file data.tsv (TSV, C-alpha atoms)
chain	number	residue	atom	x	y	z
U	1	MET	CA	0.00	0.00	0.00
U	2	ASP	CA	2.86	2.36	0.66
U	3	LYS	CA	4.51	1.63	-2.63
U	4	ASN	CA	3.27	1.88	-6.15
U	5	ASN	CA	2.86	-1.34	-8.11
U	6	LYS	CA	1.67	-3.10	-4.98
U	7	ILE	CA	-2.02	-3.55	-5.16
U	8	PRO	CA	-3.71	-2.81	-1.85
U	9	PHE	CA	-6.49	-5.22	-1.08
U	10	ASP	CA	-8.84	-3.14	1.05
U	11	GLU	CA	-9.55	-0.91	-1.90
U	12	ASP	CA	-12.66	-0.45	-3.97
U	13	ASN	CA	-10.77	-1.45	-7.02
U	14	TYR	CA	-12.41	-4.13	-9.13
U	15	THR	CA	-9.58	-4.60	-11.58
U	16	HIS	CA	-7.15	-6.60	-9.45
U	17	ASN	CA	-7.36	-9.55	-11.72
U	18	ILE	CA	-6.26	-7.51	-14.72
U	19	ASN	CA	-2.51	-7.38	-15.09
U	20	LYS	CA	-1.00	-4.88	-17.43
U	21	ASN	CA	2.45	-3.43	-17.67
U	22	ASN	CA	2.78	-0.18	-15.70
U	23	GLU	CA	-0.86	-0.29	-14.80
U	24	ARG	CA	-0.30	1.80	-11.68
U	25	LYS	CA	2.40	4.08	-13.00
U	26	LEU	CA	0.23	7.10	-13.76
U	27	ASP	CA	-1.78	7.19	-10.58
U	28	ARG	CA	-3.36	10.26	-9.02
U	29	ARG	CA	-0.10	11.60	-7.65
U	30	GLY	CA	1.79	10.89	-10.86
U	31	PHE	CA	-0.85	12.76	-12.80
U	32	MET	CA	-0.60	15.73	-10.44
U	33	LYS	CA	3.19	15.75	-10.87
U	34	THR	CA	2.75	15.81	-14.65
U	35	MET	CA	0.37	18.76	-14.35
U	36	VAL	CA	2.85	20.71	-12.21
U	37	GLY	CA	5.56	19.98	-14.78
U	38	ALA	CA	3.28	21.21	-17.55
U	39	ALA	CA	2.57	24.41	-15.59
U	40	GLY	CA	6.34	24.96	-15.34
U	41	LEU	CA	6.72	24.36	-19.06
U	42	PHE	CA	4.04	26.92	-19.88
U	43	ALA	CA	5.67	29.44	-17.54
U	44	VAL	CA	9.03	29.01	-19.28
U	45	SER	CA	7.50	29.14	-22.75
U	46	THR	CA	5.99	32.62	-22.18
U	47	LEU	CA	9.27	34.02	-20.84
U	48	PRO	CA	10.73	34.98	-24.24
U	49	TRP	CA	7.49	36.71	-25.31
U	50	GLY	CA	7.33	38.58	-22.03
U	51	SER	CA	10.94	39.68	-22.16
U	52	ILE	CA	10.75	40.83	-25.80
U	53	ALA	CA	7.57	42.74	-24.95
U	54	ALA	CA	9.29	44.32	-21.94
U	55	THR	CA	12.25	45.49	-24.02
U	56	GLU	CA	9.86	46.85	-26.67
U	57	LEU	CA	8.00	48.73	-23.95
U	58	MET	CA	11.21	50.30	-22.70
U	59	GLY	CA	12.35	51.44	-26.14
U	60	LEU	CA	8.98	52.19	-27.68
U	61	ARG	CA	9.33	55.97	-27.78
U	62	GLU	CA	12.61	55.92	-29.68
U	63	LYS	CA	11.39	53.44	-32.26
U	64	LYS	CA	12.42	55.00	-35.55
U	65	TYR	CA	12.20	53.68	-39.03
U	66	PRO	CA	14.53	54.55	-41.86
U	67	LYS	CA	13.20	56.27	-44.95
U	68	LYS	CA	13.37	54.04	-47.95
U	69	GLU	CA	12.65	54.69	-51.59
U	70	ILE	CA	10.28	52.15	-53.04
U	71	ILE	CA	9.63	52.97	-56.67
U	72	ASP	CA	9.07	55.80	-59.16
U	73	VAL	CA	5.45	56.97	-59.28
U	74	LYS	CA	5.55	56.78	-63.08
U	75	LYS	CA	6.57	53.13	-63.09
U	76	LEU	CA	3.48	52.02	-61.18
U	77	LYS	CA	0.19	52.17	-63.07
U	78	VAL	CA	-3.10	52.82	-61.28
U	79	GLY	CA	-4.44	49.49	-60.00
U	80	ASP	CA	-1.05	47.84	-59.96
U	81	ALA	CA	0.92	46.53	-57.02
U	82	PHE	CA	4.61	46.39	-56.26
U	83	GLU	CA	6.41	44.14	-53.81
U	84	PHE	CA	9.26	45.52	-51.72
U	85	ALA	CA	10.97	44.94	-48.39
U	86	TYR	CA	10.53	47.25	-45.41
U	87	PRO	CA	11.79	48.03	-42.72
U	88	THR	CA	14.43	45.29	-43.13
U	89	ASP	CA	15.23	43.08	-46.09
U	90	HIS	CA	13.36	40.22	-44.43
U	91	ASP	CA	10.03	42.02	-43.99
U	92	SER	CA	8.24	41.70	-47.26
U	93	ALA	CA	5.70	44.39	-48.09
U	94	LEU	CA	3.22	45.32	-50.78
U	95	LEU	CA	2.46	48.69	-52.31
U	96	VAL	CA	-0.82	49.21	-54.18
U	97	ARG	CA	-1.68	52.23	-56.30
U	98	LEU	CA	-5.42	52.71	-55.88
U	99	GLY	CA	-5.82	56.03	-57.61
U	100	GLU	CA	-3.89	58.87	-59.22
U	101	ASN	CA	-2.65	60.03	-55.81
U	102	GLU	CA	-3.82	57.20	-53.64
U	103	PHE	CA	-1.27	54.69	-52.40
U	104	LYS	CA	-1.51	52.03	-49.73
U	105	ALA	CA	1.29	49.86	-48.41
U	106	TYR	CA	1.13	46.93	-45.99
U	107	GLN	CA	3.49	44.34	-44.66
U	108	ASN	CA	2.29	41.42	-46.68
U	109	ALA	CA	2.83	38.53	-44.28
U	110	CYS	CA	-0.66	37.20	-43.64
U	111	THR	CA	-1.57	37.62	-39.98
U	112	HIS	CA	-2.78	34.03	-39.85
U	113	LEU	CA	0.36	31.99	-40.65
U	114	ARG	CA	2.54	34.56	-42.39
U	115	CYS	CA	2.04	33.44	-45.97
U	116	PRO	CA	2.63	36.21	-48.54
U	117	VAL	CA	-0.45	38.25	-49.43
U	118	PHE	CA	-1.15	39.18	-53.05
U	119	TRP	CA	-3.07	41.97	-54.74
U	120	GLU	CA	-5.99	40.76	-56.79
U	121	GLN	CA	-6.74	43.63	-59.13
U	122	SER	CA	-9.94	42.28	-60.67
U	123	LYS	CA	-11.62	41.95	-57.28
U	124	SER	CA	-9.83	44.86	-55.61
U	125	GLU	CA	-8.77	42.91	-52.55
U	126	LEU	CA	-5.69	41.46	-50.95
U	127	VAL	CA	-5.64	37.67	-50.96
U	128	CYS	CA	-3.64	35.17	-48.98
U	129	PRO	CA	-3.70	32.04	-51.15
U	130	CYS	CA	-2.69	29.62	-48.38
U	131	HIS	CA	-6.00	29.42	-46.54
U	132	HIS	CA	-8.02	31.99	-48.46
U	133	GLY	CA	-7.67	34.99	-46.21
U	134	PHE	CA	-8.94	38.28	-47.61
U	135	PHE	CA	-8.01	41.80	-46.57
U	136	ASP	CA	-9.52	45.19	-47.29
U	137	VAL	CA	-7.07	47.36	-49.29
U	138	LYS	CA	-8.27	50.60	-47.73
U	139	THR	CA	-7.75	49.60	-44.11
U	140	GLY	CA	-5.81	46.35	-44.14
U	141	SER	CA	-8.37	44.68	-41.89
U	142	PRO	CA	-9.37	41.09	-42.63
U	143	THR	CA	-12.69	40.62	-44.41
U	144	ALA	CA	-12.87	36.82	-44.67
U	145	GLY	CA	-10.94	33.69	-43.90
U	146	PRO	CA	-8.80	32.68	-40.93
U	147	PRO	CA	-6.80	35.89	-40.25
U	148	ARG	CA	-8.09	37.97	-37.33
U	149	ARG	CA	-5.63	40.87	-37.15
U	150	PRO	CA	-5.19	43.60	-39.76
U	151	LEU	CA	-2.06	43.79	-41.88
U	152	PRO	CA	0.42	46.31	-40.43
U	153	GLU	CA	0.21	49.46	-42.55
U	154	ILE	CA	3.32	51.18	-43.81
U	155	THR	CA	3.17	54.97	-43.96
U	156	ILE	CA	4.28	56.39	-47.29
U	157	GLN	CA	5.01	59.77	-48.84
U	158	VAL	CA	5.55	60.95	-52.34
U	159	GLU	CA	8.79	62.87	-52.62
U	160	ALA	CA	10.06	64.22	-55.94
U	161	GLY	CA	8.16	61.71	-58.02
U	162	LYS	CA	9.21	58.80	-55.88
U	163	ILE	CA	7.26	56.82	-53.31
U	164	VAL	CA	9.07	56.70	-50.00
U	165	ALA	CA	8.29	54.46	-47.02
U	166	THR	CA	8.58	56.33	-43.73
U	167	GLY	CA	7.40	53.95	-41.02
U	168	VAL	CA	5.12	51.18	-39.82
U	169	LYS	CA	1.90	52.09	-38.05
U	170	ARG	CA	1.19	50.62	-34.65
U	171	TYR	CA	-1.98	48.70	-34.08
U	172	GLU	CA	-4.58	50.83	-32.41
U	173	THR	CA	-5.89	48.37	-29.87
G	1	MET	CA	-9.35	3.40	-0.28
G	2	LYS	CA	-11.18	6.45	-1.51
G	3	ARG	CA	-9.05	9.29	-2.83
G	4	SER	CA	-9.76	12.98	-2.93
G	5	TYR	CA	-9.60	14.28	-6.48
G	6	ARG	CA	-9.70	17.93	-5.49
G	7	GLY	CA	-6.00	18.38	-6.31
G	8	VAL	CA	-6.43	16.81	-9.73
G	9	ILE	CA	-9.32	19.12	-10.55
G	10	LEU	CA	-7.53	22.20	-9.24
G	11	LEU	CA	-4.39	21.37	-11.24
G	12	CYS	CA	-6.52	20.85	-14.36
G	13	ALA	CA	-7.92	24.34	-13.77
G	14	VAL	CA	-4.38	25.71	-13.41
G	15	LEU	CA	-3.32	24.11	-16.66
G	16	PHE	CA	-6.42	25.46	-18.40
G	17	LEU	CA	-5.53	28.97	-17.22
G	18	ASN	CA	-1.95	28.36	-18.41
G	19	ILE	CA	-3.18	27.58	-21.91
G	20	ILE	CA	-5.39	30.68	-21.96
G	21	PHE	CA	-2.65	33.01	-20.69
G	22	THR	CA	-0.08	31.65	-23.14
G	23	GLN	CA	-2.38	32.13	-26.08
G	24	LYS	CA	-3.40	35.61	-24.89
G	25	ALA	CA	0.23	36.65	-24.38
G	26	ILE	CA	1.19	35.61	-27.90
G	27	HIS	CA	-1.84	37.23	-29.50
G	28	GLN	CA	-1.35	40.48	-27.63
G	29	TYR	CA	2.32	40.41	-28.65
G	30	TYR	CA	1.34	40.35	-32.31
G	31	TYR	CA	-1.19	43.12	-31.66
G	32	GLU	CA	1.79	45.12	-30.31
G	33	ASP	CA	-0.02	45.48	-26.99
G	34	TYR	CA	3.14	44.91	-24.98
G	35	THR	CA	1.77	45.78	-21.53
G	36	ALA	CA	-0.86	43.05	-21.86
G	37	THR	CA	1.82	40.61	-23.08
G	38	VAL	CA	3.93	41.24	-20.00
G	39	ILE	CA	0.91	40.87	-17.71
G	40	TYR	CA	-0.06	37.51	-19.22
G	41	ALA	CA	3.54	36.26	-19.11
G	42	VAL	CA	3.78	37.17	-15.42
G	43	LEU	CA	0.44	35.49	-14.71
G	44	ASN	CA	1.76	32.35	-16.39
G	45	LEU	CA	4.89	32.49	-14.23
G	46	VAL	CA	2.82	32.92	-11.06
G	47	LEU	CA	0.74	29.86	-11.92
G	48	PHE	CA	3.76	27.55	-11.53
G	49	PRO	CA	4.28	28.14	-7.77
G	50	VAL	CA	0.50	27.93	-7.38
G	51	ALA	CA	0.58	24.50	-9.03
G	52	LEU	CA	3.45	23.40	-6.76
G	53	PHE	CA	1.53	24.62	-3.71
G	54	ILE	CA	-1.57	22.68	-4.75
G	55	TYR	CA	0.55	19.58	-5.35
G	56	TYR	CA	2.16	19.62	-1.91
G	57	LYS	CA	-1.17	20.33	-0.25
G	58	GLU	CA	-3.02	17.56	-2.04
G	59	LYS	CA	-0.51	14.78	-2.59
G	60	ASN	CA	-1.41	12.88	0.59
G	61	VAL	CA	-5.10	13.63	0.70

call {"tool": "encode", "arguments": {"input": "data.tsv", "output": "structure tokens"}}
result
Amino acid sequence: MDKNNKIPFDEDNYTHNINKNNERKLDRRGFMKTMVGAAGLFAVSTLPWGSIAATELMGLREKKYPKKEIIDVKKLKVGDAFEFAYPTDHDSALLVRLGENEFKAYQNACTHLRCPVFWEQSKSELVCPCHHGFFDVKTGSPTAGPPRRPLPEITIQVEAGKIVATGVKRYET
Amino acid sequence: MKRSYRGVILLCAVLFLNIIFTQKAIHQYYYEDYTATVIYAVLNLVLFPVALFIYYKEKNV
């Protein structure tokens, strides 16, 4: 009774005659130990997110983005899109010319599982082909499919006939 | 011998909260709501000693 694997006889256990390997290994206490271990694992797994968030919080005010030329205004026809990278070479982004003086740019990693998002001109919407996520071009917010968060918008300016990226907007939550 | 399953149920609740806080922390991180991320991460950390406490309280009950 004091040890596992020994079957106590004054117990309301009707399976004494069934012998299986390790049949008493995951008992109540073993299960509780596993749960405590899992709680520890969860605690450790959120540490990196928490620490990155804390460092972001400390340096949020000074967050500055470099200006970057994207493309000549003349080279992009109305209704066309152009893919570029901003703020770093690894952050792919998409610029869409909606009107004569109307431009919109978003980071084009789908907010569901980070697939690239494409501009579908005939339907005037941004499409993620992986799981059919759709985004509104005007706001970047998801209109259908699995994504729940809007695409991060990139602020742009037109300077001397060139489109220039100036920063990434924060989510307004 | 009858066992008390209170500890098991409480630890299940702790793990359920763990799952919720982890998911919330990650979602709020992607929403760039960093204060909320830190809060959820700390809550997740606090749950571990709570789980240990429940275990030691309930292991012989």

call {"tool": "closest_atom_pairs", "arguments": {"input": "data.tsv", "of": "chain U", "to": "chain G", "cutoff": "10 Å", "atoms": "all atoms listed in the file", "output": "Markdown table"}}
result
| residue | atom | partner | partner_atom | distance |
| --- | --- | --- | --- | --- |
| U:Met1 | CA | G:Met1 | CA | 10.0 |
| U:Pro8 | CA | G:Met1 | CA | 8.5 |
| U:Phe9 | CA | G:Met1 | CA | 9.1 |
| U:Asp10 | CA | G:Met1 | CA | 6.7 |
| U:Glu11 | CA | G:Met1 | CA | 4.6 |
| U:Asp12 | CA | G:Met1 | CA | 6.3 |
| U:Asn13 | CA | G:Met1 | CA | 8.4 |
| U:Arg28 | CA | G:Val8 | CA | 7.3 |
| U:Arg29 | CA | G:Lys59 | CA | 6.0 |
| U:Gly30 | CA | G:Lys59 | CA | 9.4 |
| U:Phe31 | CA | G:Val8 | CA | 7.5 |
| U:Met32 | CA | G:Val8 | CA | 6.0 |
| U:Lys33 | CA | G:Tyr55 | CA | 7.2 |
| U:Thr34 | CA | G:Leu11 | CA | 9.7 |
| U:Met35 | CA | G:Leu11 | CA | 6.3 |
| U:Val36 | CA | G:Ala51 | CA | 5.4 |
| U:Gly37 | CA | G:Phe48 | CA | 8.4 |
| U:Ala38 | CA | G:Leu15 | CA | 7.3 |
| U:Ala39 | CA | G:Phe48 | CA | 5.3 |
| U:Gly40 | CA | G:Phe48 | CA | 5.3 |
| U:Leu41 | CA | G:Phe48 | CA | 8.7 |
| U:Phe42 | CA | G:Asn18 | CA | 6.3 |
| U:Ala43 | CA | G:Leu45 | CA | 4.6 |
| U:Val44 | CA | G:Leu45 | CA | 7.4 |
| U:Ser45 | CA | G:Thr22 | CA | 8.0 |
| U:Thr46 | CA | G:Ala41 | CA | 5.4 |
| U:Leu47 | CA | G:Ala41 | CA | 6.4 |
| U:Pro48 | CA | G:Ala41 | CA | 8.9 |
| U:Trp49 | CA | G:Ile26 | CA | 6.9 |
| U:Gly50 | CA | G:Val38 | CA | 4.8 |
| U:Ser51 | CA | G:Val38 | CA | 7.5 |
| U:Ile52 | CA | G:Tyr34 | CA | 8.7 |
| U:Ala53 | CA | G:Tyr34 | CA | 4.9 |
| U:Ala54 | CA | G:Val38 | CA | 6.5 |
| U:Thr55 | CA | G:Tyr34 | CA | 9.2 |
| U:Glu56 | CA | G:Tyr34 | CA | 7.2 |
| U:Leu57 | CA | G:Tyr34 | CA | 6.3 |
| U:Met58 | CA | G:Tyr34 | CA | 10.0 |
| U:Leu60 | CA | G:Tyr34 | CA | 9.7 |
| U:Thr111 | CA | G:Tyr30 | CA | 8.6 |
| U:Arg149 | CA | G:Tyr31 | CA | 7.4 |
| U:Pro150 | CA | G:Tyr31 | CA | 9.0 |
| U:Pro152 | CA | G:Tyr31 | CA | 9.5 |
| U:Arg170 | CA | G:Glu32 | CA | 7.0 |
| U:Tyr171 | CA | G:Tyr31 | CA | 6.1 |
| U:Glu172 | CA | G:Tyr31 | CA | 8.5 |
| U:Thr173 | CA | G:Asp33 | CA | 7.1 |

call {"tool": "atom_distance", "arguments": {"input": "data.tsv", "atom1": "CA of Arg114 in chain U", "atom2": "CA of Lys77 in chain U"}}
result
27.3 Å

call {"tool": "closest_residue", "arguments": {"input": "data.tsv", "among": "U:Ser124, U:Thr166, U:Asn21, U:Gln157", "to": "Val73 in chain U", "atoms": "only C-alpha atoms"}}
result
U:Gln157

call {"tool": "atom_distance", "arguments": {"input": "data.tsv", "atom1": "CA of Ala105 in chain U", "atom2": "CA of Ile156 in chain U"}}
result
7.3 Å

call {"tool": "atom_distance", "arguments": {"input": "data.tsv", "atom1": "CA of Ile71 in chain U", "atom2": "CA of Asp91 in chain U"}}
result
16.8 Å

call {"tool": "residues_around", "arguments": {"input": "data.tsv", "residues": "Lys74 in chain U", "least_positions_apart": "4", "cutoff": "10 Å", "atoms": "only C-alpha atoms", "output": "PDB file with C-alpha atoms, keeping the file's coordinate frame"}}
result
ATOM      1  CA  VAL U  78      -3.100  52.820 -61.280  1.00  0.00           C
ATOM      2  CA  GLY U 161       8.160  61.710 -58.020  1.00  0.00           C
ATOM      3  CA  LYS U 162       9.210  58.800 -55.880  1.00  0.00           C
ATOM      4  CA  ILE U 163       7.260  56.820 -53.310  1.00  0.00           C
TER       5      ILE U 163
END

call {"tool": "closest_residue", "arguments": {"input": "data.tsv", "among": "U:Asn101, U:Gln107, U:Thr155, U:Ser141", "to": "Lys67 in chain U", "atoms": "only C-alpha atoms"}}
result
U:Thr155

call {"tool": "decode", "arguments": {"input": "data.tsv", "residues": "range 14-28 of chain G", "atoms": "N, CA and C atoms", "output": "JSON list (two decimals), in the first residue's frame"}}
result
[["chain", "number", "residue", "atom", "x", "y", "z"],
["G", 14, "VAL", "N", -5.61, 24.93, -13.25],
["G", 14, "VAL", "CA", -4.38, 25.71, -13.41],
["G", 14, "VAL", "C", -3.84, 25.56, -14.83],
["G", 15, "LEU", "N", -3.84, 24.33, -15.33],
["G", 15, "LEU", "CA", -3.32, 24.11, -16.66],
["G", 15, "LEU", "C", -4.20, 24.78, -17.72],
["G", 16, "PHE", "N", -5.49, 24.79, -17.48],
["G", 16, "PHE", "CA", -6.42, 25.46, -18.40],
["G", 16, "PHE", "C", -6.11, 26.95, -18.46],
["G", 17, "LEU", "N", -5.90, 27.55, -17.27],
["G", 17, "LEU", "CA", -5.53, 28.97, -17.22],
["G", 17, "LEU", "C", -4.19, 29.20, -17.93],
["G", 18, "ASN", "N", -3.24, 28.27, -17.74],
["G", 18, "ASN", "CA", -1.95, 28.36, -18.41],
["G", 18, "ASN", "C", -2.12, 28.47, -19.92],
["G", 19, "ILE", "N", -2.97, 27.59, -20.45],
["G", 19, "ILE", "CA", -3.18, 27.58, -21.91],
["G", 19, "ILE", "C", -3.76, 28.93, -22.35],
["G", 20, "ILE", "N", -4.75, 29.42, -21.60],
["G", 20, "ILE", "CA", -5.39, 30.68, -21.96],
["G", 20, "ILE", "C", -4.38, 31.83, -21.92],
["G", 21, "PHE", "N", -3.59, 31.90, -20.84],
["G", 21, "PHE", "CA", -2.65, 33.01, -20.69],
["G", 21, "PHE", "C", -1.57, 32.97, -21.76],
["G", 22, "THR", "N", -1.11, 31.76, -22.10],
["G", 22, "THR", "CA", -0.08, 31.65, -23.14],
["G", 22, "THR", "C", -0.61, 32.17, -24.46],
["G", 23, "GLN", "N", -1.81, 31.70, -24.81],
["G", 23, "GLN", "CA", -2.38, 32.13, -26.08],
["G", 23, "GLN", "C", -2.61, 33.64, -26.10],
["G", 24, "LYS", "N", -3.15, 34.17, -24.99],
["G", 24, "LYS", "CA", -3.40, 35.61, -24.89],
["G", 24, "LYS", "C", -2.10, 36.39, -25.03],
["G", 25, "ALA", "N", -1.05, 35.93, -24.34],
["G", 25, "ALA", "CA", 0.23, 36.65, -24.38],
["G", 25, "ALA", "C", 0.73, 36.75, -25.81],
["G", 26, "ILE", "N", 0.66, 35.63, -26.54],
["G", 26, "ILE", "CA", 1.19, 35.61, -27.90],
["G", 26, "ILE", "C", 0.34, 36.48, -28.82],
["G", 27, "HIS", "N", -0.98, 36.40, -28.66],
["G", 27, "HIS", "CA", -1.84, 37.23, -29.50],
["G", 27, "HIS", "C", -1.62, 38.71, -29.23],
["G", 28, "GLN", "N", -1.54, 39.07, -27.95],
["G", 28, "GLN", "CA", -1.35, 40.48, -27.63],
["G", 28, "GLN", "C", 0.03, 40.95, -28.10]]
